[in-house]
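Participant: The structure is given below, and queries will be raised subsequently.
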Amino acid sequence: MIVQIAGLITLILSLTIFAVAFFVMRGARERVPDGNKVVYKVRKYYAMVLALVLLGTFSTTLLYTPYKALADTTPAAVVKVTGHMWRWEMEREGAPGPVVVPQGATIEFAVTTSDVTHGFGVYDDDGHILAQTQAMPGYTNRLRMVFDKPGTYHVLCMEFCGIMHQNMVASLTVE
Amino acid sequence: MEKSIRKATIAWLLTAFLVFLVMVTLGITMRLAQGAQVSLSPTTFYAIMTMHGLGMAGALFSGGLAVIWYITSHSCKVSLGVSWAAWGLFVVGAVVLLAATLLGGFGPGWYALYPLPFVRPAWPSWATGASIIALILMGVAWLIFQLDILRALAAKWGAKRLLAWEYIAGKTPEEPLPAQVLIAAMCAIAGTLGTLSGAATLILYLLKWLSPSVELDPLLLKNTMFMFGHTIVNVCIYCGLCAIYYVLPRFTGRPWGVNRVTAIAWNATLMFVLFAYFHHLYMDFAQVKALHIIGQLASYGSALPATAVSIFGIGSQVYKSGVKWSFTPLAFALGAIGWAVGGVGAVVDSTIMVNTYFHNTLWVPGHFHTYFLVGYVLMFMGFLHDFFKSSAERFAVGSLVTMLLGGYGFLLMFYLGGMSGLPRRVSSYAAASFGGLAEKGATLATLGAAFAIVFLLGAIGFGFSVVKGRGAAPEAGASPDPAS
């Protein structure tokens with residue numbers, strides 16, 4: 001949903017830029033001394049509106065960063081994730097074997113790496129990216145998320161990590 | 001003297017333009033490989049990817065610095081010796097880098113994220129060392145070139161005046177500060193700080209290459225590397241704007257000077273340019289959270305002076321000005337539009353909440369290729385056309401239309417890929433065998449390559465137009481006093 005909204009906003013604003021530019025460039029052919037004063041008048045309002053929109057978007061979206069997502073919940077499962085060149089090692093704490101996590105509960109991925117930086121990207125089976133974090137040597141990034149539907153989910157490496165980077169995939173099951 | 005200055009500028013401009021064309025060709029090769037239209041081994045693909053990133057950023061940044069150096073030379077005494085020395089260092093660095101990547105197979109990406117260049121590399125050790133040394137040579141070239149610009153500006157205008165603080169304080173100086181001085185100073189200051197950050201990173205890389213037991217902090221080096229890469233790429237656009245501020249008034253007949261609003265805007269831009277790079281690290285949750293917030297704040301903030309001052313400034317320059325839409329003003333206006341459109345994609349992606357979905361997907365090359373290919377590059381071409389006094393207007397405008405068609409088509413494939421969640425920097429999408437990602441990735445890459453070929457034909461056409469028509473155009477319009 002966020003991806004579609006972001007795409008739509010980009011499209012609408014881009015088309016608006018083209019339309020305004022077309023209007024201004026057409027109006028450029030005629031020479032009127034001081035004919036550009038209107039641009040400065042519009043600019044005042046534009047700057048105020050833009051500042052308000054940016055400030056509003058800034059403060060609203062900061063409430064939804066991934067850093068504090070689900071921080072007030074207790075994870076139903078913690079999955080330790082280690083990136084290696086070029087495979088993912090994933091293990092649910094207390095449950096060795098293929099990773100199976102419960103649907104509708106908070107899952108924490110504790111993500112790190114044994115060698116170089118990787119990117120831990122979680123996709124649903126329809127190819128939509130759901131969340132991601134980086135796997136950096138010497139650091140553990142904790143990503144919390146809830147899987148709404150049961151099924152197979154996929155992991156792609158989102159950070160270039162060497163010649164087999166494109167093959168670094170894994171999967172997990174949500175029940 | 002003017003002849004010697006022009007000769008040195010031509011060396012830079014031609015080098016930048018020719019490297020640009022080669023790098024576009026490498027980019028097309030990558031998209032064709034991702035579309036499975038040509039077969040490349042992963043080693044070759046990533047070596048090409050590394051060269052494409054470094055070569056493109058390096059060429060366009062060098063071209064941008066040459067533009068502001070040349071503009072600076074009109075009011076200040078720049079050093080020819082420094083320019084030629086910097087050009088020589090840059091060319092040697094570029095040749096070594098080409099050899100290390102395309103022959104040696106050095107392929108950790110332009111940003112060579114620590115410790116990737118040193119862990120199980122698929123290329124020989126000499127290629128790593130040669131690449132680091134090549135980049136240091138290029139960094140030294142940019143550093144002395146920028147310092148010379150700052151020295152020349154400070155000698156003529158006084159160091160205290162360069163960022164127009166007197167205007168912010170509400171004073172009206174006896175001798176007005178030309179806008180191009182303020183912009184060139186801002187570019188050279190930001191570029192110098194970015195280059196220094198790169199130099200520190202590369203010296204540590206060199207140390208690691210010479211002494212492999214040295215351990216460095218990956219998060220710190222990721223910060224310093226992006227401060228370097230993001231800043232110099234961002235500065236390119238402002239170099240393009242410097243050309244617009246300086247050249248466009250000749251076509252519109254309207255002076256374009258500094259006032260309090262522009263002074264505040266460009267000082268704010270300097271701050272935003274230096275701190276926006278944090279948005280590259282949003283997905284590093286271990287980074288101090290305040291830096292993520294500063295990254296979003298700086299990225300959002302940059303939209304205000306960029307559009308309300310520079311884009312509106314261009315609008316007020318041309319609106320009801322009676323300007324004849326010859327190649328240079330047209331390329332400037334279209335470049336500004338491309339910059340604004342690319343900026344929208346950038347601001348959207350700089351929202352932490354959205355970046356969760358777009359980080360390292362094709363959305364990212366989508367937005368930065370927008371403000372490069374159909375933004376800065378068009379501004380640069382507008383300057384080239386004017387600099388060489390090209391009279392081949394129809395040929396050049398035809399090439400411009402071709403570039404726009406190819407360029408926007410090429411970019412659309414990136415945006416669609418980003419919205420589909422397709423990762424960037426992969427040699428093949430075949431392993432993403434779920435949700436139709438592999439098929440989407442290959443199809444969009446093939447279409448992107450086709451559009452990019454159209455763009456390349458337009459860019460080559462533009463090059464021919466300059467060669468064909470150089471030196472034959474009359475001076476455009478009466479020159480208004482840019483300082484007033």
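Following the order of the structure tokens, chains are lettered A, B, ..., residues in each are numbered from 1, and ligands are numbered from 1.
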Go through stretch 10-131 of chain A and collect every residue that DSSP, computed from the backbone, puts in strand (DSSP E or B); the answer should be as a compact mmCIF listing (two decimals) with C-alpha atoms, in the first residue's frame.

Facilitator:
```
# COMPACT_ATOMS: atom_id res chain seq x y z
CA ARG A 31 8.28 39.76 -23.81
CA ALA A 77 9.74 -15.94 18.11
CA VAL A 78 13.27 -14.69 17.65
CA VAL A 79 15.06 -15.74 14.49
CA LYS A 80 18.83 -15.42 14.42
CA VAL A 81 19.94 -14.49 10.92
CA THR A 82 23.57 -14.58 9.78
CA GLY A 83 24.61 -13.60 6.29
CA HIS A 84 27.49 -15.45 4.69
CA ARG A 87 23.89 -17.88 1.78
CA TRP A 88 21.59 -17.07 4.68
CA GLU A 89 21.83 -18.99 7.91
CA MET A 90 18.53 -18.68 9.80
CA GLU A 91 17.57 -20.37 13.02
CA ARG A 92 14.59 -19.81 15.26
CA ALA A 95 13.65 -24.59 17.34
CA VAL A 100 8.68 -21.78 10.92
CA VAL A 101 7.11 -18.81 12.73
CA THR A 106 5.55 -10.30 16.58
CA ILE A 107 8.62 -11.94 15.10
CA GLU A 108 12.09 -10.53 15.74
CA PHE A 109 14.91 -11.09 13.30
CA ALA A 110 18.34 -10.54 14.88
CA VAL A 111 20.43 -9.90 11.78
CA THR A 112 24.20 -9.95 11.48
CA THR A 113 26.90 -11.32 9.18
CA HIS A 118 24.46 -8.05 3.26
CA GLY A 119 20.88 -6.78 3.07
CA PHE A 120 18.11 -8.84 4.66
CA GLY A 121 14.95 -8.25 2.60
CA VAL A 122 11.73 -10.15 3.38
CA TYR A 123 9.25 -10.74 0.53
CA ILE A 129 8.83 -6.51 -0.23
CA LEU A 130 7.61 -6.34 3.39
CA ALA A 131 10.61 -5.19 5.39
```

Participant: Select from chain A everything DSSP, run on the backbone, classes as helix (DSSP H, G or I), then give the selection as a PyMOL selection string.

Facilitator: chain A and resi 2-26+37-64+66-68+165-167

Participant: Could you check the closest approach to B:Tyr408 for each of B:Pro212, B:Gly375, B:Gly53, B:Gly469 and tell me which residue wins, using only C-alpha atoms?

Facilitator: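 For B:Tyr408, the nearest of the candidates is B:Gly375.
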
Participant: At a cut-off of 8 Å, using only C-alpha atoms, what residues contact stretch 168-177 of chain B? Leave out same-chain residues fewer than 6 positions from it and give the result as a PyMOL selection string.

Facilitator: chain B and resi 157+161+257-258+260-261+263-264+483-484

Participant: Find the residues around B:Gly417 up to 8 Å (only C-alpha atoms counted), leave out those fewer than 2 positions away in its own chain, and share them as a compact mmCIF listing (two decimals) with C-alpha atoms, in the first residue's frame.

Facilitator:
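Contents of part_0.txt, as written:
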```
# COMPACT_ATOMS: atom_id res chain seq x y z
CA THR B 361 15.55 -1.37 -5.07
CA LEU B 362 15.48 0.00 -8.62
CA TRP B 363 13.63 3.07 -7.32
CA MET B 413 11.52 1.12 -16.20
CA PHE B 414 13.60 1.82 -13.09
CA TYR B 415 10.64 3.34 -11.23
CA MET B 419 7.66 -0.36 -7.18
CA SER B 420 7.86 -4.09 -7.94
CA GLY B 421 10.49 -4.49 -5.21
CA LEU B 422 13.25 -5.49 -7.64
CA LYS B 440 9.47 -8.57 -14.39
CA GLY B 441 13.14 -7.82 -13.75
CA LEU B 444 11.95 -4.08 -17.49
```

Participant: Determine, counting only C-alpha atoms, which protein, DNA and RNA residues have an atom within 6 Å of an atom of stretch 117-133 of chain B; residues of the same chain fewer than 4 positions away are not included. Present the result as a PyMOL selection string.

Facilitator: chain B and resi 97+100+104-106+108

Participant: How would the residues just picked look written out with C-alpha atoms as a CSV table (one decimal), in the first residue's frame?

Facilitator:
```
chain,number,residue,atom,x,y,z
B,97,LEU,CA,40.7,2.5,-12.9
B,100,ALA,CA,41.7,-2.4,-12.7
B,104,GLY,CA,41.6,-6.8,-13.5
B,105,GLY,CA,37.9,-7.5,-12.7
B,106,PHE,CA,37.8,-5.2,-9.6
B,108,PRO,CA,32.9,-4.2,-5.3
```

Participant: Could you please determine the separation between atom CA of B:Gly407 and atom CA of B:Phe383 in Å, to one decimal place?

Facilitator: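 That distance, rounded to one decimal, is 19.2 Å.
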
Participant: Provide the atom CA of A:Pro33 to atom CA of B:Pro255 distance in Å, to one decimal place.

Facilitator: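 Rounded to one decimal, the two atoms are 12.4 Å apart.
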
Participant: Could you list, as a PyMOL selection string, every residue within 6 Å of A:Gly104, counting only C-alpha atoms and ignoring same-chain residues fewer than 3 positions away?

Facilitator: chain A and resi 146-148

Participant: Atom CA of B:Val454 and atom CA of B:Ala33, how far apart in Å?

Facilitator: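 Atom-to-atom, atom CA of B:Ala33 and atom CA of B:Val454 are spaced 17.5 Å apart.
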
Participant: Write out as a list in words which residues come within 9 Å of A:Gly127 when counting only C-alpha atoms, dropping same-chain ones fewer than 5 positions away.

Facilitator: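 Residues meeting the cut-off are His154 of chain A; Ser420, Gly421, Leu422, Ala432, Ser433, Phe434, Gly435, Gly436 and Leu437 of chain B.
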
Participant: Let me see the file: selected residues, N, CA and C atoms, as a PDB file, in the first residue's frame.

Facilitator:
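Result written to part.pdb:
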```pdb
ATOM      1  N   HIS A 154       9.987 -15.171   1.455  1.00  0.00           N
ATOM      2  CA  HIS A 154      11.313 -15.290   0.841  1.00  0.00           C
ATOM      3  C   HIS A 154      12.253 -14.195   1.347  1.00  0.00           C
TER       4      HIS A 154
ATOM      5  N   SER B 420       8.033  -2.628  -7.973  1.00  0.00           N
ATOM      6  CA  SER B 420       7.864  -4.091  -7.942  1.00  0.00           C
ATOM      7  C   SER B 420       8.781  -4.739  -6.907  1.00  0.00           C
ATOM      8  N   GLY B 421       9.599  -3.947  -6.229  1.00  0.00           N
ATOM      9  CA  GLY B 421      10.490  -4.491  -5.207  1.00  0.00           C
ATOM     10  C   GLY B 421      11.737  -5.140  -5.761  1.00  0.00           C
ATOM     11  N   LEU B 422      12.064  -4.856  -7.028  1.00  0.00           N
ATOM     12  CA  LEU B 422      13.247  -5.485  -7.636  1.00  0.00           C
ATOM     13  C   LEU B 422      14.533  -4.871  -7.072  1.00  0.00           C
ATOM     14  N   ALA B 432      15.366 -14.854  -8.206  1.00  0.00           N
ATOM     15  CA  ALA B 432      14.165 -14.333  -7.532  1.00  0.00           C
ATOM     16  C   ALA B 432      12.940 -14.975  -8.184  1.00  0.00           C
ATOM     17  N   SER B 433      12.821 -16.309  -7.976  1.00  0.00           N
ATOM     18  CA  SER B 433      11.840 -17.070  -8.749  1.00  0.00           C
ATOM     19  C   SER B 433      10.491 -17.160  -8.041  1.00  0.00           C
ATOM     20  N   PHE B 434      10.015 -16.073  -7.483  1.00  0.00           N
ATOM     21  CA  PHE B 434       8.696 -16.065  -6.839  1.00  0.00           C
ATOM     22  C   PHE B 434       7.997 -14.755  -7.198  1.00  0.00           C
ATOM     23  N   GLY B 435       6.688 -14.834  -7.225  1.00  0.00           N
ATOM     24  CA  GLY B 435       5.878 -13.636  -7.480  1.00  0.00           C
ATOM     25  C   GLY B 435       6.159 -12.987  -8.821  1.00  0.00           C
ATOM     26  N   GLY B 436       6.749 -13.708  -9.757  1.00  0.00           N
ATOM     27  CA  GLY B 436       7.016 -13.161 -11.092  1.00  0.00           C
ATOM     28  C   GLY B 436       8.138 -12.136 -11.111  1.00  0.00           C
ATOM     29  N   LEU B 437       8.927 -12.052 -10.019  1.00  0.00           N
ATOM     30  CA  LEU B 437       9.981 -11.034  -9.949  1.00  0.00           C
ATOM     31  C   LEU B 437      11.032 -11.221 -11.042  1.00  0.00           C
TER      32      LEU B 437
END
```

Participant: Using only C-alpha atoms, can you tell me which of B:Phe455, B:Gly448, B:His367, B:Lys320 comes closest to A:Glu30?

Facilitator: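 Smallest distance to A:Glu30 is found for B:Lys320.
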
Participant: Measuring atom to atom with only C-alpha atoms, identify which of B:Val344, B:Gly229, B:Leu102, B:Thr356 is nearest to A:Leu8.

Facilitator: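 Closest residue, counting only C-alpha atoms: B:Val344.
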